[in-house]
Structure formats: structure tokens, C-alpha cells
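coords.cif (mmCIF, C-alpha atoms)
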```cif
data_final
#
loop_
_atom_site.label_atom_id
_atom_site.label_comp_id
_atom_site.auth_asym_id
_atom_site.auth_seq_id
_atom_site.Cartn_x
_atom_site.Cartn_y
_atom_site.Cartn_z
CA MET T 23 162.57 227.50 22.84
CA ARG T 24 162.37 230.83 21.04
CA VAL T 25 159.64 233.25 20.08
CA ILE T 26 160.20 235.63 17.18
CA ALA T 27 157.72 238.39 16.39
CA PRO T 28 157.38 242.12 15.99
CA SER T 29 157.24 243.78 19.39
CA THR T 30 153.65 244.87 18.67
CA LEU T 31 152.55 241.20 18.49
CA LEU T 32 154.41 239.91 21.55
CA PRO T 33 152.20 239.29 24.57
CA SER T 34 153.01 241.19 27.72
CA GLY T 35 155.01 239.07 30.14
CA ILE T 36 156.49 236.89 27.38
CA HIS T 37 159.98 237.36 28.84
CA SER T 38 158.90 235.58 32.03
CA MET T 39 157.53 232.52 30.20
CA GLY T 40 160.82 230.66 29.84
CA VAL T 41 161.45 231.45 26.18
CA GLU T 42 164.11 233.46 24.39
CA VAL T 43 162.43 236.44 22.75
CA PHE T 44 163.59 237.93 19.44
CA THR T 45 162.19 240.62 17.18
CA ASP T 46 164.77 239.95 14.44
CA MET T 47 164.05 236.79 12.39
CA ARG T 48 167.63 236.23 11.31
CA GLU T 49 168.95 236.48 14.85
CA GLY T 50 166.16 234.32 16.28
CA LEU T 51 166.52 231.59 13.66
CA LYS T 52 170.26 231.07 14.11
CA GLY T 53 170.91 227.39 14.73
CA CYS T 54 167.24 226.33 14.97
CA ASP T 55 166.31 222.68 14.28
CA ILE T 56 162.61 223.33 13.71
CA VAL T 57 160.85 226.50 12.61
CA MET T 58 157.16 226.59 13.55
CA MET T 59 155.33 229.42 11.83
CA LEU T 60 151.91 230.63 12.88
CA ARG T 61 149.18 232.31 10.87
CA LEU T 62 148.95 236.07 11.15
CA GLN T 63 145.29 236.81 11.78
CA ARG T 64 143.69 239.25 9.34
CA GLU T 65 142.56 241.54 12.16
CA ARG T 66 146.22 241.98 13.17
CA MET T 67 147.26 242.96 9.63
CA SER T 68 145.96 246.49 9.88
CA GLY T 69 146.20 249.27 12.38
CA ALA T 70 148.85 249.45 15.07
CA PHE T 71 149.95 245.79 15.04
CA VAL T 72 151.78 245.76 11.70
CA PRO T 73 152.38 248.72 9.38
CA SER T 74 151.58 246.65 6.27
CA VAL T 75 151.44 243.05 5.09
CA ARG T 76 154.37 243.73 2.77
CA GLU T 77 156.50 245.07 5.61
CA TYR T 78 155.51 242.19 7.89
CA PHE T 79 156.64 239.65 5.29
CA ARG T 80 159.85 241.56 4.63
CA TYR T 81 160.90 241.38 8.27
CA HIS T 82 159.02 238.41 9.74
CA GLY T 83 157.84 236.22 6.87
CA LEU T 84 159.78 233.01 6.40
CA ASP T 85 161.52 232.88 3.06
CA SER T 86 164.57 230.94 1.84
CA GLU T 87 166.99 233.69 2.83
CA LYS T 88 165.75 233.84 6.44
CA LEU T 89 165.50 230.04 6.67
CA SER T 90 169.19 229.84 5.76
CA TYR T 91 169.98 231.18 9.26
CA ALA T 92 168.54 228.01 10.81
CA LYS T 93 170.41 224.71 10.65
CA PRO T 94 170.84 223.42 7.08
CA ASP T 95 168.46 220.51 7.73
CA ALA T 96 165.95 222.51 9.79
CA LEU T 97 162.33 221.44 9.37
CA VAL T 98 159.52 223.91 8.71
CA MET T 99 156.09 223.52 10.26
CA HIS T 100 152.82 225.49 10.17
CA PRO T 101 149.46 224.31 11.53
CA GLY T 102 147.53 225.90 8.65
CA PRO T 103 145.80 227.59 7.13
CA MET T 104 148.69 229.56 5.70
CA ASN T 105 148.77 233.07 4.33
CA ARG T 106 151.35 232.53 1.62
CA GLY T 107 153.41 235.63 1.09
CA VAL T 108 152.50 236.92 4.55
CA GLU T 109 153.98 234.58 7.15
CA ILE T 110 155.65 232.13 4.75
CA SER T 111 156.73 232.07 1.13
CA ALA T 112 155.30 229.47 -1.23
CA GLU T 113 158.86 228.32 -1.98
CA VAL T 114 159.45 227.43 1.68
CA ALA T 115 155.93 226.10 2.32
CA ASP T 116 156.25 223.66 -0.58
CA GLY T 117 159.99 223.07 -0.23
CA PRO T 118 161.92 219.96 0.80
CA GLN T 119 162.26 221.08 4.44
CA SER T 120 158.52 221.56 4.87
CA LEU T 121 156.44 219.17 6.97
CA ILE T 122 153.35 221.33 6.64
CA ARG T 123 151.22 218.97 4.53
CA GLU T 124 151.91 216.07 6.89
CA GLN T 125 151.29 218.25 9.93
CA VAL T 126 147.92 219.44 8.63
CA GLU T 127 146.93 215.92 7.55
CA MET T 128 147.81 214.42 10.94
CA GLY T 129 146.03 217.26 12.72
CA VAL T 130 142.76 216.31 11.01
CA ALA T 131 143.22 212.62 11.90
CA ILE T 132 144.00 213.43 15.54
CA ARG T 133 140.97 215.73 15.88
CA MET T 134 138.76 213.02 14.36
CA ALA T 135 140.11 210.42 16.81
CA VAL T 136 139.56 212.71 19.80
CA LEU T 137 136.00 213.52 18.71
CA GLU T 138 135.23 209.82 18.22
CA ALA T 139 136.62 208.96 21.67
CA LEU T 140 134.57 211.73 23.26
CA ALA T 141 131.42 210.75 21.36
CA GLN T 142 131.66 207.15 22.63
CA ASN T 143 131.28 208.45 26.16
CA LEU T 144 128.17 210.55 25.48
CA PRO T 145 124.87 209.42 27.02
CA ASP T 146 122.52 207.72 24.55
CA ASN T 147 119.90 210.47 24.73
CA VAL T 148 122.16 213.24 23.43
#
```

Kindly return the structure encoded in the file as C-alpha cells.
Amino acid sequence: MRVIAPSTLLPSGIHSMGVEVFTDMREGLKGCDIVMMLRLQRERMSGAFVPSVREYFRYHGLDSEKLSYAKPDALVMHPGPMNRGVEISAEVADGPQSLIREQVEMGVAIRMAVLEALAQNLPDNV
């Protein structure tokens, strides 16, 4: 398993968590089967974490060029919501390798099932 992020966004101790750590997207994506992107929180987009949204996307946003470093049939995932043009390009998010719509749809169904199972075990007076 790999983690790719700017050094300013990597948690301390990440190197001891059993993952390969990369700050270069192209290097980190080489040979990957699945690319799981995460949303960059708005509060991290300013200040010391990232110089600018444009620079973040240039170096760490997933676009077709960077995805080409992964395996040719690599799948792209993202739990949503997405910041298109920040962590992922629209072309990749909506492209043939993307499982994002299915992932988000299944996530809603799974959360609903868990809530229903938990609600069945609630006392009647709640």
C-alpha cells in the first residue's frame, strides 16, 4: 500500500505505519492497480499546507497524464464529495477507469443498512 501527498499533508509517523510514502505522484503511481483519491479539505487549501489550489493540482491532482503511470487498467476511486480540478480532473472522474459513481452509490446503501440494523436494536422508548 502506498500513500502519496505533499510533505505538508503527511501525518507524523506515517513511515512507521507499514506503507510506502511518496511525495511525487508519478513515482508513487507506478504500477498501481487501484488509485484511491481523497478530498482535500478546504481548510487545508490555504496557509502553510499547500501554496495554492492550482499548484496542488499540478503536482498532486489526478489527471490523465499522472494516471498513465499506473497500470493501464488501473481503477480510480474517490469516496466523494470531489473537488474537481483540485484532487481529480473531471476527465478522470468521469472516465472509463472510474468507479467513483458506484463507490458513492454503494456507500449510501451501506450506511443505510448499518443505520437500519442499529435502529432495530434501540429500546422502544427512544

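Checking T:Arg106, T:Lys88, T:Arg133, T:Arg123 one by one against Val75 in chain T, counting only C-alpha atoms, you find the shortest gap at T:Arg106.
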
> If I put a ball of radius 7 Å at (155.6, 232.3, 13.4) in the file's coordinates, which residues poke into it when counting all atoms listed in the file, written as an NGL selection string?
Replying inline: :T and (26 or 58-61 or 109)

What are the centre and the three edge lengths of an axis-aligned box that wraps all atoms of range 127-139 of chain T in the file, given that 3 Å is added to every side, written as JSON and rounded to one decimal in Å?
```
{"center_x": 141.5, "center_y": 213.1, "center_z": 14.6, "size_x": 18.6, "size_y": 14.3, "size_z": 20.1}
```

> Can you tell me how far CA of Val41 in chain T sits from CA of His82 in chain T, in Å to one decimal?
Replying inline: 18.0 Å

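For the residues T:Glu42, T:Glu77, T:Asp146, T:Glu49, ranking by smallest atom-to-atom distance to Tyr91 in chain T using only C-alpha atoms places T:Glu49 first.
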
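Distances here use only C-alpha atoms; by that measure, the residue among T:Met47, T:Leu121, T:Leu62, T:Leu32 closest to Gly107 in chain T is T:Leu62.
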
>> Measuring between only C-alpha atoms, which one of T:Asp55, T:Ile132, T:Asp116, T:Gln63 shows the shortest distance to Ser90 in chain T?
In response: T:Asp55

>> For this structure, which residues satisfy the selection - the PyMOL selection byres ((chain T and resi 98) around 8) - when it is evaluated on the file as given? I want them as number ranges by chain.
In response: T: 56-59, 96-97, 99-100, 114-115, 119-122

> Which residue, T:Phe79, T:Ala27, T:Pro94, T:Leu51, has the smallest gap to Pro118 in chain T when you use all atoms listed in the file?
Replying inline: T:Pro94

> Suppose you want the space between CA of Ala112 in chain T and CA of Ser29 in chain T; what is it in Å?
Replying inline: 25.2 Å

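Using only C-alpha atoms, the shortest contact distance between Pro101 in chain T and any of T:Ile36, T:Asp85, T:Tyr78, T:Gly129 is found at T:Gly129.
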
> Hey, can you check how far CA of Gly117 in chain T sits from CA of Glu87 in chain T?
Replying inline: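 Interatomic distance here is 13.1 Å.
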
May I ask you to restore N, CA and C atoms in range 122-139 of chain T and write the result as a PDB file, in the coordinates of the input?
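Done, and the output landed in part.pdb:
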```pdb
ATOM      1  N   ILE T 122     154.654 220.714   6.448  1.00  0.00           N
ATOM      2  CA  ILE T 122     153.350 221.330   6.640  1.00  0.00           C
ATOM      3  C   ILE T 122     152.206 220.430   6.174  1.00  0.00           C
ATOM      4  N   ARG T 123     152.303 219.843   5.015  1.00  0.00           N
ATOM      5  CA  ARG T 123     151.220 218.970   4.530  1.00  0.00           C
ATOM      6  C   ARG T 123     150.976 217.809   5.504  1.00  0.00           C
ATOM      7  N   GLU T 124     152.047 217.191   5.954  1.00  0.00           N
ATOM      8  CA  GLU T 124     151.910 216.070   6.890  1.00  0.00           C
ATOM      9  C   GLU T 124     151.332 216.553   8.217  1.00  0.00           C
ATOM     10  N   GLN T 125     151.778 217.708   8.673  1.00  0.00           N
ATOM     11  CA  GLN T 125     151.290 218.250   9.930  1.00  0.00           C
ATOM     12  C   GLN T 125     149.784 218.525   9.865  1.00  0.00           C
ATOM     13  N   VAL T 126     149.344 219.144   8.793  1.00  0.00           N
ATOM     14  CA  VAL T 126     147.920 219.440   8.630  1.00  0.00           C
ATOM     15  C   VAL T 126     147.120 218.148   8.510  1.00  0.00           C
ATOM     16  N   GLU T 127     147.622 217.202   7.727  1.00  0.00           N
ATOM     17  CA  GLU T 127     146.930 215.920   7.550  1.00  0.00           C
ATOM     18  C   GLU T 127     146.801 215.172   8.876  1.00  0.00           C
ATOM     19  N   MET T 128     147.855 215.116   9.646  1.00  0.00           N
ATOM     20  CA  MET T 128     147.810 214.420  10.940  1.00  0.00           C
ATOM     21  C   MET T 128     146.915 215.162  11.929  1.00  0.00           C
ATOM     22  N   GLY T 129     146.889 216.479  11.831  1.00  0.00           N
ATOM     23  CA  GLY T 129     146.030 217.260  12.720  1.00  0.00           C
ATOM     24  C   GLY T 129     144.570 216.903  12.535  1.00  0.00           C
ATOM     25  N   VAL T 130     144.149 216.705  11.298  1.00  0.00           N
ATOM     26  CA  VAL T 130     142.760 216.310  11.010  1.00  0.00           C
ATOM     27  C   VAL T 130     142.495 214.929  11.602  1.00  0.00           C
ATOM     28  N   ALA T 131     143.408 213.978  11.390  1.00  0.00           N
ATOM     29  CA  ALA T 131     143.220 212.620  11.900  1.00  0.00           C
ATOM     30  C   ALA T 131     143.158 212.612  13.430  1.00  0.00           C
ATOM     31  N   ILE T 132     144.006 213.379  14.067  1.00  0.00           N
ATOM     32  CA  ILE T 132     144.000 213.430  15.540  1.00  0.00           C
ATOM     33  C   ILE T 132     142.708 214.034  16.058  1.00  0.00           C
ATOM     34  N   ARG T 133     142.243 215.121  15.446  1.00  0.00           N
ATOM     35  CA  ARG T 133     140.970 215.730  15.880  1.00  0.00           C
ATOM     36  C   ARG T 133     139.818 214.757  15.689  1.00  0.00           C
ATOM     37  N   MET T 134     139.816 214.008  14.591  1.00  0.00           N
ATOM     38  CA  MET T 134     138.760 213.020  14.360  1.00  0.00           C
ATOM     39  C   MET T 134     138.789 211.937  15.433  1.00  0.00           C
ATOM     40  N   ALA T 135     139.977 211.460  15.792  1.00  0.00           N
ATOM     41  CA  ALA T 135     140.110 210.420  16.810  1.00  0.00           C
ATOM     42  C   ALA T 135     139.637 210.921  18.173  1.00  0.00           C
ATOM     43  N   VAL T 136     139.984 212.141  18.518  1.00  0.00           N
ATOM     44  CA  VAL T 136     139.560 212.710  19.800  1.00  0.00           C
ATOM     45  C   VAL T 136     138.040 212.863  19.836  1.00  0.00           C
ATOM     46  N   LEU T 137     137.452 213.362  18.769  1.00  0.00           N
ATOM     47  CA  LEU T 137     136.000 213.520  18.710  1.00  0.00           C
ATOM     48  C   LEU T 137     135.287 212.168  18.812  1.00  0.00           C
ATOM     49  N   GLU T 138     135.828 211.155  18.142  1.00  0.00           N
ATOM     50  CA  GLU T 138     135.230 209.820  18.220  1.00  0.00           C
ATOM     51  C   GLU T 138     135.308 209.277  19.644  1.00  0.00           C
ATOM     52  N   ALA T 139     136.458 209.447  20.294  1.00  0.00           N
ATOM     53  CA  ALA T 139     136.620 208.960  21.670  1.00  0.00           C
ATOM     54  C   ALA T 139     135.655 209.679  22.602  1.00  0.00           C
TER      55      ALA T 139
END
```
